[in-house]
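Everything below concerns the one structure shown next.
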Amino acid sequence: MTGQAVGQREDAVVLEYDYQQEEMTEAVRLMLRKRGRAGFLYHPAFLVCVGLLGVVQLVVGVTRENTAGFGFGLLFIVWSLLLPRVPRITARQLLRANQHHGLMRVTVAEEDVRVVSVHMETRMAWANFGSYAETSRCFVLRSPDRIGACAMVFAKRGARTPEDVDRLRSLLDRRLPRV
């Protein structure tokens with residue numbers, strides 16, 4: 001952390017954590033699924049349908065000796081098997097990019113969000129965020145653009161008590177729409 005004292009307001013919620021693979025994977029998975037119309041591409045039901053279509057296309061291609069049908073069938077099967085791995089791969093890259101921050105202290109208050117780590121200290125106004133979503137391990141604050149492509153991830157395990165998680169949830173509900 002920096003050498004400066006961090007003044008904590010009574011209404012603020014403080015989280016202290018370092019990023020973990022599971023939290024980042026959940027956040028990326030959530031971001032991909034809640035991405036407007038394109039989010040259905042990552043939905044498990046859609047991926048099963050694409051895989052089944054690939055199997056049908058593969059069988060038709062083999063029985064009719066249609067190499068294009070065989071190729072498309074194989075492509076659909078591989079695509080439906082690889083796409084669910086995208087969130088974990090992306091999360092691993094994000095984790096590597098953010099690990100140098102080490103332990104992060106996030107103070108969430110009515111006025112703004114403050115993040116302090118070994119290498120940075122920043123304040124962000126609520127206007128930087130358009131909405132938020134919650135998973136079992138984290139809160140994901142999304143950017144205000146139409147698809148909410150950028151995010152800030154708050155790990156729930158960083159809260160001192162379960163009541164702090166509830167206070168954070170109510171604070172986020174007051175400041176941002178939940179998606």
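Naming scheme: A, B, ... for chains in displayed order of the structure tokens; residues 1 onward per chain; ligands 1 onward as shown.
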
Notebook entry, point to check: Leaving out region 120-134 of chain A and any residue of its chain fewer than 2 positions from it, which residues lie within 8 Å of it when counting only C-alpha atoms, given as JSON, numbers by chain?
Noted result: {"A": [2, 30, 101, 111, 112, 113, 114, 115, 116, 117, 118, 136, 137, 138, 139, 140, 141, 142, 143, 144, 145, 148, 172, 175, 176, 177, 178, 179]}

Output file for the selection above: N, CA and C atoms, as a PDB file, in the first residue's frame:
```
ATOM      1  N   THR A   2       0.250   2.351  -0.268  1.00  0.00           N
ATOM      2  CA  THR A   2       1.014   3.581  -0.222  1.00  0.00           C
ATOM      3  C   THR A   2       1.190   4.005   1.221  1.00  0.00           C
ATOM      4  N   LEU A  30     -19.620 -13.813 -16.542  1.00  0.00           N
ATOM      5  CA  LEU A  30     -20.781 -12.946 -16.377  1.00  0.00           C
ATOM      6  C   LEU A  30     -20.778 -11.845 -17.432  1.00  0.00           C
ATOM      7  N   HIS A 101      -0.269  -5.678  -8.851  1.00  0.00           N
ATOM      8  CA  HIS A 101      -0.867  -4.759  -7.880  1.00  0.00           C
ATOM      9  C   HIS A 101      -0.832  -5.327  -6.471  1.00  0.00           C
ATOM     10  N   GLU A 111     -19.916   8.682  -2.401  1.00  0.00           N
ATOM     11  CA  GLU A 111     -19.345   9.661  -3.315  1.00  0.00           C
ATOM     12  C   GLU A 111     -18.582   9.032  -4.467  1.00  0.00           C
ATOM     13  N   ASP A 112     -17.795   7.986  -4.183  1.00  0.00           N
ATOM     14  CA  ASP A 112     -16.917   7.426  -5.199  1.00  0.00           C
ATOM     15  C   ASP A 112     -16.378   6.068  -4.769  1.00  0.00           C
ATOM     16  N   VAL A 113     -15.531   5.523  -5.638  1.00  0.00           N
ATOM     17  CA  VAL A 113     -14.823   4.266  -5.363  1.00  0.00           C
ATOM     18  C   VAL A 113     -13.342   4.598  -5.355  1.00  0.00           C
ATOM     19  N   ARG A 114     -12.648   4.164  -4.309  1.00  0.00           N
ATOM     20  CA  ARG A 114     -11.220   4.433  -4.198  1.00  0.00           C
ATOM     21  C   ARG A 114     -10.482   3.101  -4.147  1.00  0.00           C
ATOM     22  N   VAL A 115      -9.432   2.984  -4.959  1.00  0.00           N
ATOM     23  CA  VAL A 115      -8.626   1.768  -5.007  1.00  0.00           C
ATOM     24  C   VAL A 115      -7.186   2.142  -4.700  1.00  0.00           C
ATOM     25  N   VAL A 116      -6.599   1.435  -3.735  1.00  0.00           N
ATOM     26  CA  VAL A 116      -5.207   1.669  -3.355  1.00  0.00           C
ATOM     27  C   VAL A 116      -4.498   0.322  -3.383  1.00  0.00           C
ATOM     28  N   SER A 117      -3.349   0.290  -4.048  1.00  0.00           N
ATOM     29  CA  SER A 117      -2.503  -0.909  -4.046  1.00  0.00           C
ATOM     30  C   SER A 117      -1.053  -0.458  -3.961  1.00  0.00           C
ATOM     31  N   VAL A 118      -0.158  -1.401  -4.080  1.00  0.00           N
ATOM     32  CA  VAL A 118       1.265  -1.079  -4.012  1.00  0.00           C
ATOM     33  C   VAL A 118       1.669  -0.092  -5.100  1.00  0.00           C
ATOM     34  N   SER A 136     -21.597 -15.428  -7.144  1.00  0.00           N
ATOM     35  CA  SER A 136     -21.447 -15.983  -5.796  1.00  0.00           C
ATOM     36  C   SER A 136     -20.154 -15.523  -5.128  1.00  0.00           C
ATOM     37  N   ARG A 137     -19.151 -15.116  -5.908  1.00  0.00           N
ATOM     38  CA  ARG A 137     -17.855 -14.730  -5.350  1.00  0.00           C
ATOM     39  C   ARG A 137     -17.518 -13.256  -5.455  1.00  0.00           C
ATOM     40  N   CYS A 138     -18.211 -12.541  -6.344  1.00  0.00           N
ATOM     41  CA  CYS A 138     -17.795 -11.159  -6.573  1.00  0.00           C
ATOM     42  C   CYS A 138     -18.934 -10.273  -7.066  1.00  0.00           C
ATOM     43  N   PHE A 139     -18.661  -8.970  -7.026  1.00  0.00           N
ATOM     44  CA  PHE A 139     -19.498  -7.960  -7.655  1.00  0.00           C
ATOM     45  C   PHE A 139     -18.728  -7.475  -8.871  1.00  0.00           C
ATOM     46  N   VAL A 140     -19.425  -7.258  -9.978  1.00  0.00           N
ATOM     47  CA  VAL A 140     -18.791  -6.794 -11.202  1.00  0.00           C
ATOM     48  C   VAL A 140     -19.449  -5.478 -11.594  1.00  0.00           C
ATOM     49  N   LEU A 141     -18.684  -4.403 -11.543  1.00  0.00           N
ATOM     50  CA  LEU A 141     -19.178  -3.095 -11.949  1.00  0.00           C
ATOM     51  C   LEU A 141     -18.847  -2.921 -13.422  1.00  0.00           C
ATOM     52  N   ARG A 142     -19.876  -2.676 -14.221  1.00  0.00           N
ATOM     53  CA  ARG A 142     -19.718  -2.596 -15.678  1.00  0.00           C
ATOM     54  C   ARG A 142     -19.654  -1.147 -16.149  1.00  0.00           C
ATOM     55  N   SER A 143     -18.979  -0.939 -17.249  1.00  0.00           N
ATOM     56  CA  SER A 143     -18.851   0.411 -17.793  1.00  0.00           C
ATOM     57  C   SER A 143     -20.195   0.892 -18.341  1.00  0.00           C
ATOM     58  N   PRO A 144     -20.338   2.213 -18.517  1.00  0.00           N
ATOM     59  CA  PRO A 144     -21.630   2.754 -18.949  1.00  0.00           C
ATOM     60  C   PRO A 144     -21.918   2.591 -20.441  1.00  0.00           C
ATOM     61  N   ASP A 145     -20.981   2.059 -21.224  1.00  0.00           N
ATOM     62  CA  ASP A 145     -21.260   1.891 -22.643  1.00  0.00           C
ATOM     63  C   ASP A 145     -22.364   0.851 -22.842  1.00  0.00           C
ATOM     64  N   GLY A 148     -21.418  -2.666 -21.820  1.00  0.00           N
ATOM     65  CA  GLY A 148     -20.742  -2.812 -20.530  1.00  0.00           C
ATOM     66  C   GLY A 148     -19.480  -3.639 -20.629  1.00  0.00           C
ATOM     67  N   LEU A 172     -24.458  -0.415  -3.693  1.00  0.00           N
ATOM     68  CA  LEU A 172     -24.465  -0.557  -5.150  1.00  0.00           C
ATOM     69  C   LEU A 172     -25.876  -0.433  -5.711  1.00  0.00           C
ATOM     70  N   ARG A 175     -26.714   3.199  -6.032  1.00  0.00           N
ATOM     71  CA  ARG A 175     -25.929   3.962  -6.999  1.00  0.00           C
ATOM     72  C   ARG A 175     -26.031   3.478  -8.445  1.00  0.00           C
ATOM     73  N   LEU A 176     -26.258   2.178  -8.645  1.00  0.00           N
ATOM     74  CA  LEU A 176     -26.225   1.609 -10.002  1.00  0.00           C
ATOM     75  C   LEU A 176     -27.383   0.637 -10.207  1.00  0.00           C
ATOM     76  N   PRO A 177     -27.861   0.533 -11.445  1.00  0.00           N
ATOM     77  CA  PRO A 177     -28.856  -0.514 -11.715  1.00  0.00           C
ATOM     78  C   PRO A 177     -28.198  -1.893 -11.743  1.00  0.00           C
ATOM     79  N   ARG A 178     -28.916  -2.872 -11.251  1.00  0.00           N
ATOM     80  CA  ARG A 178     -28.406  -4.249 -11.257  1.00  0.00           C
ATOM     81  C   ARG A 178     -28.859  -4.932 -12.544  1.00  0.00           C
ATOM     82  N   VAL A 179     -27.951  -5.674 -13.153  1.00  0.00           N
ATOM     83  CA  VAL A 179     -28.309  -6.433 -14.366  1.00  0.00           C
ATOM     84  C   VAL A 179     -28.227  -7.922 -14.101  1.00  0.00           C
TER      85      VAL A 179
END
```

Next item on the list: Within region 42-175 of chain A, find each residue whose DSSP state, derived from the backbone, is helix (DSSP H, G or I), and express the selection as number ranges by chain.
Entry: A: 42, 44-63, 67-101, 126-128, 156-158, 162-175

Note to self: Among region 36-153 of chain A, which residues does DSSP mark as strand (DSSP E or B) when it is run on the backbone? Keep the chain and numbering as in the structure and answer as a PyMOL selection string.
What the structure shows: chain A and resi 104-108+112-116+121-125+131-134+138-142+151-153

Margin query: Report, in Å to a single decimal, how far apart CA of Asp164 (chain A) and CA of Thr107 (chain A) are.
Written below: 11.5 Å

Next item on the list: Excluding Gly51 (chain A) and any residue of its chain fewer than 6 positions from it, enumerate the residues within 12 Å of it, using only C-alpha atoms, and give them as a ChimeraX atom specification.
Entry: /A:44-45,57-58,72-84

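In this model, the gap between CA of Gly39 (chain A) and CA of Ala149 (chain A) comes to 11.5 Å.
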